[in-house]
Amino acid sequence: MAAMKWLLAAAAVSGAALTAGLGVWQWGRAQQRLGLQAAVAQRSELPPVDAAALLAAPDPAQLLHRRIVLRGRWKAGHTVYLDNRQMNGRPGFYVVTPLHLAGDNANANAPAILVQRGWVARNFQQRDKLPPVETPAGEVQLRGLLSSSPARLYAFAGGEGGPIRQNLDLAQFRAETRLPLLDLSVQQTGGPSEGLLREWPQPASGAERNLGYAFQWWALSALIAVLYVWFQFIAPRRKQRA
């Protein structure tokens, strides 16, 4: 009987400690995500960079989420419409066009960068019909945020081609267009223009899910402790008094 009690005590302590530890781990993950989100927000408040700073950066990825001002010419013939993208709860396209960068030392071999120009509604009666989007000729100036390649959605295996696509693989697109595309892209900001909306959804940190898991683990830890105390101490005493 004594051995059984010690075994139950060890199991209860181990279970409570394990679940409490898992809660602490999930809490730590949440704090990491919140810290990353705060760092992203802080970067977006820094002064904007330009093409020269972007091209001179030893590691352009360090400029992610920074504001940027660019001048260049649209490569309109390589515009891609990314399907099944939402803005304000409405499905449509994200319009992506390469921008051939211009500058004081611009030349025909100057690099290009993908610009996520904005969102446009699609025609659900004629699903293969491209919506009207204005692409100005000549040199343009735009403002945006440096980001990674456009977010990928689930798609069946196999390469994609044509103006309407589910996803855009940067390496494949670079080979397809033969443009010297940079590894980053720009999410254009500003008010509606050229037939496009730019009310980009704000990325969630995901910390809420980790916090939820943490409280679940702590609740389970507390439940193990309460059940052990109840069945090993309180219930037997109540039985003896009865």
# chains A, B, ... in the order shown; residues from 1 in each chain; ligands from 1
call {"tool": "residues_around", "arguments": {"residues": "Leu46 (chain A)", "least_positions_apart": "6", "cutoff": "12 Å", "atoms": "only C-alpha atoms", "output": "short mmCIF file (atom, residue, chain, number, x, y, z; two decimals) with C-alpha atoms, in the first residue's frame"}}
result
data_model
loop_
_atom_site.label_atom_id
_atom_site.label_comp_id
_atom_site.auth_asym_id
_atom_site.auth_seq_id
_atom_site.Cartn_x
_atom_site.Cartn_y
_atom_site.Cartn_z
CA ALA A 39 10.98 44.36 -33.93
CA VAL A 40 9.15 44.31 -37.28
CA LEU A 63 16.51 45.49 -44.49
CA LEU A 64 13.33 43.41 -44.38
CA HIS A 65 10.28 45.38 -43.20
CA ARG A 66 12.06 48.71 -43.77
CA ARG A 67 10.32 51.43 -45.73
CA ILE A 68 11.80 52.08 -49.14
CA LEU A 145 7.89 48.05 -47.43
#
call {"tool": "select_by_dssp", "arguments": {"residues": "region 7-219 of chain A", "states": "helix (DSSP H, G or I)", "output": "PyMOL selection string"}}
result
chain A and resi 7-44+51-56+60-63+76-78+170-177+207-219
call {"tool": "closest_atom_pairs", "arguments": {"of": "region 114-215 of chain A", "to": "region 47-54 of chain A", "cutoff": "10 Å", "atoms": "only C-alpha atoms", "output": "JSON lines"}}
result
{"residue": "A:Arg143", "atom": "CA", "partner": "A:Pro48", "partner_atom": "CA", "distance": 8.8}
{"residue": "A:Gly144", "atom": "CA", "partner": "A:Pro48", "partner_atom": "CA", "distance": 9.0}
{"residue": "A:Leu145", "atom": "CA", "partner": "A:Pro48", "partner_atom": "CA", "distance": 8.8}
{"residue": "A:Leu146", "atom": "CA", "partner": "A:Leu54", "partner_atom": "CA", "distance": 9.6}
{"residue": "A:Leu182", "atom": "CA", "partner": "A:Leu54", "partner_atom": "CA", "distance": 9.7}
{"residue": "A:Leu184", "atom": "CA", "partner": "A:Leu54", "partner_atom": "CA", "distance": 9.8}
call {"tool": "residues_around", "arguments": {"residues": "region 78-91 of chain A", "least_positions_apart": "6", "cutoff": "12 Å", "atoms": "only C-alpha atoms", "output": "PDB file with C-alpha atoms, in the first residue's frame"}}
result
ATOM      1  CA  THR A  97       5.039  43.468 -61.532  1.00  0.00           C
ATOM      2  CA  PRO A  98       8.856  43.611 -61.769  1.00  0.00           C
ATOM      3  CA  LEU A  99      10.341  47.095 -61.486  1.00  0.00           C
ATOM      4  CA  HIS A 100      13.585  47.755 -63.381  1.00  0.00           C
ATOM      5  CA  ALA A 112      14.943  44.521 -60.933  1.00  0.00           C
ATOM      6  CA  ILE A 113      12.709  43.816 -57.976  1.00  0.00           C
ATOM      7  CA  LEU A 114       9.251  42.305 -57.666  1.00  0.00           C
ATOM      8  CA  VAL A 115       6.642  44.784 -56.495  1.00  0.00           C
ATOM      9  CA  GLN A 116       3.400  43.621 -54.911  1.00  0.00           C
ATOM     10  CA  ARG A 117       1.469  46.543 -56.302  1.00  0.00           C
ATOM     11  CA  GLY A 118      -1.925  45.951 -54.703  1.00  0.00           C
ATOM     12  CA  TRP A 119      -5.178  44.032 -54.874  1.00  0.00           C
ATOM     13  CA  VAL A 120      -7.900  43.960 -57.507  1.00  0.00           C
ATOM     14  CA  ALA A 121     -11.213  42.086 -57.623  1.00  0.00           C
ATOM     15  CA  ARG A 122     -11.574  39.289 -60.130  1.00  0.00           C
ATOM     16  CA  ASN A 123     -14.344  38.577 -62.631  1.00  0.00           C
ATOM     17  CA  PHE A 124     -16.128  35.454 -61.366  1.00  0.00           C
ATOM     18  CA  ARG A 127     -12.473  33.660 -64.496  1.00  0.00           C
ATOM     19  CA  ASP A 128      -9.752  33.906 -67.137  1.00  0.00           C
ATOM     20  CA  LYS A 129     -10.438  37.599 -67.792  1.00  0.00           C
ATOM     21  CA  LEU A 130      -7.782  39.919 -66.418  1.00  0.00           C
ATOM     22  CA  PRO A 131      -9.126  42.948 -64.514  1.00  0.00           C
ATOM     23  CA  PRO A 132      -8.124  46.402 -65.758  1.00  0.00           C
ATOM     24  CA  VAL A 133      -4.965  47.652 -64.075  1.00  0.00           C
ATOM     25  CA  GLU A 134      -3.090  50.744 -65.187  1.00  0.00           C
ATOM     26  CA  THR A 135       0.672  50.348 -65.541  1.00  0.00           C
ATOM     27  CA  PRO A 150       4.758  36.921 -51.958  1.00  0.00           C
ATOM     28  CA  ALA A 151       3.227  34.480 -49.475  1.00  0.00           C
ATOM     29  CA  ARG A 152       2.578  31.045 -50.906  1.00  0.00           C
ATOM     30  CA  LEU A 153      -0.778  29.296 -50.852  1.00  0.00           C
ATOM     31  CA  TYR A 154      -1.374  25.577 -51.193  1.00  0.00           C
ATOM     32  CA  ALA A 155      -1.056  24.451 -54.781  1.00  0.00           C
ATOM     33  CA  GLU A 160       2.960  27.561 -63.044  1.00  0.00           C
ATOM     34  CA  GLY A 161       2.884  29.848 -66.035  1.00  0.00           C
ATOM     35  CA  GLY A 162       0.808  32.566 -67.606  1.00  0.00           C
ATOM     36  CA  PRO A 163      -0.441  35.798 -66.077  1.00  0.00           C
ATOM     37  CA  ILE A 164      -2.798  34.115 -63.561  1.00  0.00           C
ATOM     38  CA  ARG A 165      -1.027  31.923 -61.014  1.00  0.00           C
ATOM     39  CA  GLN A 166      -1.574  30.564 -57.553  1.00  0.00           C
ATOM     40  CA  ASN A 167       1.983  31.251 -56.435  1.00  0.00           C
ATOM     41  CA  LEU A 168       5.128  32.875 -57.741  1.00  0.00           C
ATOM     42  CA  ASP A 169       8.402  30.996 -57.365  1.00  0.00           C
ATOM     43  CA  LEU A 170      11.136  33.610 -57.496  1.00  0.00           C
ATOM     44  CA  PHE A 173      10.293  33.464 -62.431  1.00  0.00           C
ATOM     45  CA  ARG A 174      13.853  34.812 -62.643  1.00  0.00           C
ATOM     46  CA  GLU A 176      11.520  32.561 -67.041  1.00  0.00           C
ATOM     47  CA  THR A 177      11.856  36.334 -67.450  1.00  0.00           C
ATOM     48  CA  ARG A 178      15.667  36.480 -67.547  1.00  0.00           C
ATOM     49  CA  LEU A 179      15.475  39.494 -65.298  1.00  0.00           C
ATOM     50  CA  LEU A 196      -5.535  48.769 -57.097  1.00  0.00           C
ATOM     51  CA  LEU A 197      -6.224  48.762 -53.360  1.00  0.00           C
ATOM     52  CA  ARG A 198      -3.363  48.631 -50.863  1.00  0.00           C
ATOM     53  CA  GLU A 199      -5.040  47.943 -47.519  1.00  0.00           C
ATOM     54  CA  TRP A 200      -2.630  45.120 -46.815  1.00  0.00           C
ATOM     55  CA  PRO A 201      -3.556  42.727 -43.981  1.00  0.00           C
ATOM     56  CA  GLN A 202      -1.293  43.078 -40.995  1.00  0.00           C
TER      57      GLN A 202
END
call {"tool": "residues_around", "arguments": {"residues": "Pro136 (chain A)", "least_positions_apart": "3", "cutoff": "10 Å", "atoms": "only C-alpha atoms", "output": "PyMOL selection string"}}
result
chain A and resi 73-74+76+133+139-140+194
call {"tool": "select_by_dssp", "arguments": {"residues": "region 73-144 of chain A", "states": "strand (DSSP E or B)", "output": "PDB file with C-alpha atoms, in the first residue's frame"}}
result
ATOM      1  CA  ARG A  73      10.352  51.401 -64.988  1.00  0.00           C
ATOM      2  CA  TRP A  74       7.664  48.749 -64.884  1.00  0.00           C
ATOM      3  CA  VAL A  80       1.447  38.296 -62.686  1.00  0.00           C
ATOM      4  CA  TYR A  81      -1.974  38.060 -61.015  1.00  0.00           C
ATOM      5  CA  LEU A  82      -1.788  35.903 -57.880  1.00  0.00           C
ATOM      6  CA  ASP A  83      -5.158  34.223 -57.458  1.00  0.00           C
ATOM      7  CA  ASN A  84      -7.227  33.556 -54.325  1.00  0.00           C
ATOM      8  CA  ARG A  85      -5.879  36.527 -52.374  1.00  0.00           C
ATOM      9  CA  GLN A  86      -8.135  38.493 -50.068  1.00  0.00           C
ATOM     10  CA  MET A  87      -8.369  42.104 -49.038  1.00  0.00           C
ATOM     11  CA  ARG A  90     -13.037  39.904 -50.600  1.00  0.00           C
ATOM     12  CA  PRO A  91     -11.306  37.382 -52.904  1.00  0.00           C
ATOM     13  CA  GLY A  92      -9.329  38.620 -55.861  1.00  0.00           C
ATOM     14  CA  PHE A  93      -5.801  39.026 -57.170  1.00  0.00           C
ATOM     15  CA  TYR A  94      -2.553  40.399 -55.831  1.00  0.00           C
ATOM     16  CA  VAL A  95      -0.935  42.128 -58.797  1.00  0.00           C
ATOM     17  CA  VAL A  96       2.842  41.673 -58.989  1.00  0.00           C
ATOM     18  CA  THR A  97       5.039  43.468 -61.532  1.00  0.00           C
ATOM     19  CA  PRO A  98       8.856  43.611 -61.769  1.00  0.00           C
ATOM     20  CA  LEU A  99      10.341  47.095 -61.486  1.00  0.00           C
ATOM     21  CA  HIS A 100      13.585  47.755 -63.381  1.00  0.00           C
ATOM     22  CA  LEU A 101      15.475  49.946 -60.930  1.00  0.00           C
ATOM     23  CA  ALA A 112      14.943  44.521 -60.933  1.00  0.00           C
ATOM     24  CA  ILE A 113      12.709  43.816 -57.976  1.00  0.00           C
ATOM     25  CA  LEU A 114       9.251  42.305 -57.666  1.00  0.00           C
ATOM     26  CA  VAL A 115       6.642  44.784 -56.495  1.00  0.00           C
ATOM     27  CA  GLN A 116       3.400  43.621 -54.911  1.00  0.00           C
ATOM     28  CA  ARG A 117       1.469  46.543 -56.302  1.00  0.00           C
ATOM     29  CA  GLY A 118      -1.925  45.951 -54.703  1.00  0.00           C
ATOM     30  CA  TRP A 119      -5.178  44.032 -54.874  1.00  0.00           C
ATOM     31  CA  VAL A 120      -7.900  43.960 -57.507  1.00  0.00           C
ATOM     32  CA  ALA A 121     -11.213  42.086 -57.623  1.00  0.00           C
ATOM     33  CA  GLU A 139       9.977  56.210 -64.959  1.00  0.00           C
ATOM     34  CA  VAL A 140       7.872  56.004 -61.808  1.00  0.00           C
ATOM     35  CA  GLN A 141       8.515  56.506 -58.126  1.00  0.00           C
ATOM     36  CA  LEU A 142       6.883  54.368 -55.470  1.00  0.00           C
ATOM     37  CA  ARG A 143       6.965  53.806 -51.737  1.00  0.00           C
ATOM     38  CA  GLY A 144       6.615  50.513 -49.983  1.00  0.00           C
TER      39      GLY A 144
END
call {"tool": "atom_distance", "arguments": {"atom1": "CA of Ala219 (chain A)", "atom2": "CA of Ala12 (chain A)"}}
result
14.1 Å
call {"tool": "atom_distance", "arguments": {"atom1": "CA of Tyr213 (chain A)", "atom2": "CA of Gln232 (chain A)"}}
result
28.5 Å
call {"tool": "atom_distance", "arguments": {"atom1": "CA of Leu223 (chain A)", "atom2": "CA of Leu22 (chain A)"}}
result
14.6 Å
call {"tool": "decode", "arguments": {"residues": "region 51-83 of chain A", "atoms": "N, CA and C atoms", "output": "mmCIF file, in the first residue's frame"}}
result
data_model
loop_
_atom_site.group_PDB
_atom_site.id
_atom_site.type_symbol
_atom_site.label_atom_id
_atom_site.label_comp_id
_atom_site.auth_asym_id
_atom_site.auth_seq_id
_atom_site.Cartn_x
_atom_site.Cartn_y
_atom_site.Cartn_z
ATOM 1 N N ALA A 51 17.221 52.691 -53.378
ATOM 2 C CA ALA A 51 17.804 51.588 -54.148
ATOM 3 C C ALA A 51 19.299 51.465 -53.891
ATOM 4 N N ALA A 52 19.985 52.602 -53.751
ATOM 5 C CA ALA A 52 21.429 52.555 -53.521
ATOM 6 C C ALA A 52 21.751 51.829 -52.223
ATOM 7 N N ALA A 53 21.004 52.130 -51.158
ATOM 8 C CA ALA A 53 21.229 51.459 -49.877
ATOM 9 C C ALA A 53 20.890 49.977 -49.971
ATOM 10 N N LEU A 54 19.841 49.654 -50.702
ATOM 11 C CA LEU A 54 19.447 48.258 -50.865
ATOM 12 C C LEU A 54 20.521 47.473 -51.598
ATOM 13 N N LEU A 55 21.046 48.031 -52.676
ATOM 14 C CA LEU A 55 22.050 47.320 -53.471
ATOM 15 C C LEU A 55 23.399 47.258 -52.771
ATOM 16 N N ALA A 56 23.661 48.217 -51.883
ATOM 17 C CA ALA A 56 24.949 48.241 -51.190
ATOM 18 C C ALA A 56 24.953 47.392 -49.924
ATOM 19 N N ALA A 57 23.786 46.951 -49.478
ATOM 20 C CA ALA A 57 23.701 46.195 -48.225
ATOM 21 C C ALA A 57 24.401 44.845 -48.372
ATOM 22 N N PRO A 58 25.315 44.490 -47.448
ATOM 23 C CA PRO A 58 25.972 43.180 -47.514
ATOM 24 C C PRO A 58 24.971 42.034 -47.446
ATOM 25 N N ASP A 59 23.929 42.215 -46.645
ATOM 26 C CA ASP A 59 22.866 41.219 -46.533
ATOM 27 C C ASP A 59 21.529 41.952 -46.636
ATOM 28 N N PRO A 60 20.949 42.000 -47.844
ATOM 29 C CA PRO A 60 19.688 42.739 -48.011
ATOM 30 C C PRO A 60 18.577 42.271 -47.084
ATOM 31 N N ALA A 61 18.641 41.005 -46.626
ATOM 32 C CA ALA A 61 17.594 40.505 -45.730
ATOM 33 C C ALA A 61 17.536 41.298 -44.434
ATOM 34 N N GLN A 62 18.636 41.963 -44.075
ATOM 35 C CA GLN A 62 18.638 42.773 -42.862
ATOM 36 C C GLN A 62 17.762 44.015 -43.009
ATOM 37 N N LEU A 63 17.372 44.328 -44.244
ATOM 38 C CA LEU A 63 16.509 45.485 -44.487
ATOM 39 C C LEU A 63 15.038 45.104 -44.566
ATOM 40 N N LEU A 64 14.722 43.836 -44.339
ATOM 41 C CA LEU A 64 13.325 43.407 -44.376
ATOM 42 C C LEU A 64 12.466 44.267 -43.455
ATOM 43 N N HIS A 65 11.278 44.609 -43.946
ATOM 44 C CA HIS A 65 10.276 45.382 -43.203
ATOM 45 C C HIS A 65 10.645 46.865 -43.074
ATOM 46 N N ARG A 66 11.732 47.282 -43.727
ATOM 47 C CA ARG A 66 12.056 48.707 -43.766
ATOM 48 C C ARG A 66 11.253 49.383 -44.872
ATOM 49 N N ARG A 67 10.938 50.650 -44.668
ATOM 50 C CA ARG A 67 10.316 51.431 -45.729
ATOM 51 C C ARG A 67 11.354 51.745 -46.803
ATOM 52 N N ILE A 68 10.879 51.838 -48.033
ATOM 53 C CA ILE A 68 11.802 52.078 -49.141
ATOM 54 C C ILE A 68 11.136 52.984 -50.177
ATOM 55 N N VAL A 69 11.956 53.799 -50.823
ATOM 56 C CA VAL A 69 11.508 54.647 -51.928
ATOM 57 C C VAL A 69 12.320 54.248 -53.153
ATOM 58 N N LEU A 70 11.629 53.898 -54.231
ATOM 59 C CA LEU A 70 12.296 53.406 -55.436
ATOM 60 C C LEU A 70 11.855 54.193 -56.660
ATOM 61 N N ARG A 71 12.768 54.293 -57.615
ATOM 62 C CA ARG A 71 12.446 54.807 -58.938
ATOM 63 C C ARG A 71 12.815 53.742 -59.961
ATOM 64 N N GLY A 72 12.022 53.639 -61.001
ATOM 65 C CA GLY A 72 12.315 52.654 -62.021
ATOM 66 C C GLY A 72 11.232 52.598 -63.075
ATOM 67 N N ARG A 73 11.322 51.586 -63.911
ATOM 68 C CA ARG A 73 10.352 51.401 -64.988
ATOM 69 C C ARG A 73 9.702 50.027 -64.851
ATOM 70 N N TRP A 74 8.403 50.007 -64.987
ATOM 71 C CA TRP A 74 7.664 48.749 -64.884
ATOM 72 C C TRP A 74 7.987 47.839 -66.069
ATOM 73 N N LYS A 75 8.122 46.550 -65.788
ATOM 74 C CA LYS A 75 8.209 45.529 -66.837
ATOM 75 C C LYS A 75 6.811 44.940 -66.970
ATOM 76 N N ALA A 76 5.934 45.722 -67.600
ATOM 77 C CA ALA A 76 4.507 45.389 -67.620
ATOM 78 C C ALA A 76 4.217 44.048 -68.264
ATOM 79 N N GLY A 77 5.040 43.651 -69.228
ATOM 80 C CA GLY A 77 4.798 42.377 -69.902
ATOM 81 C C GLY A 77 4.980 41.168 -69.011
ATOM 82 N N HIS A 78 5.568 41.355 -67.846
ATOM 83 C CA HIS A 78 5.794 40.243 -66.909
ATOM 84 C C HIS A 78 4.886 40.346 -65.683
ATOM 85 N N THR A 79 3.799 41.102 -65.781
ATOM 86 C CA THR A 79 2.865 41.219 -64.662
ATOM 87 C C THR A 79 2.183 39.891 -64.393
ATOM 88 N N VAL A 80 2.076 39.551 -63.116
ATOM 89 C CA VAL A 80 1.447 38.296 -62.686
ATOM 90 C C VAL A 80 0.302 38.636 -61.739
ATOM 91 N N TYR A 81 -0.803 37.907 -61.882
ATOM 92 C CA TYR A 81 -1.974 38.060 -61.015
ATOM 93 C C TYR A 81 -2.047 36.831 -60.112
ATOM 94 N N LEU A 82 -1.756 37.016 -58.837
ATOM 95 C CA LEU A 82 -1.788 35.903 -57.880
ATOM 96 C C LEU A 82 -3.226 35.697 -57.413
ATOM 97 N N ASP A 83 -3.741 34.516 -57.676
ATOM 98 C CA ASP A 83 -5.158 34.223 -57.458
ATOM 99 C C ASP A 83 -5.440 33.871 -55.996
#
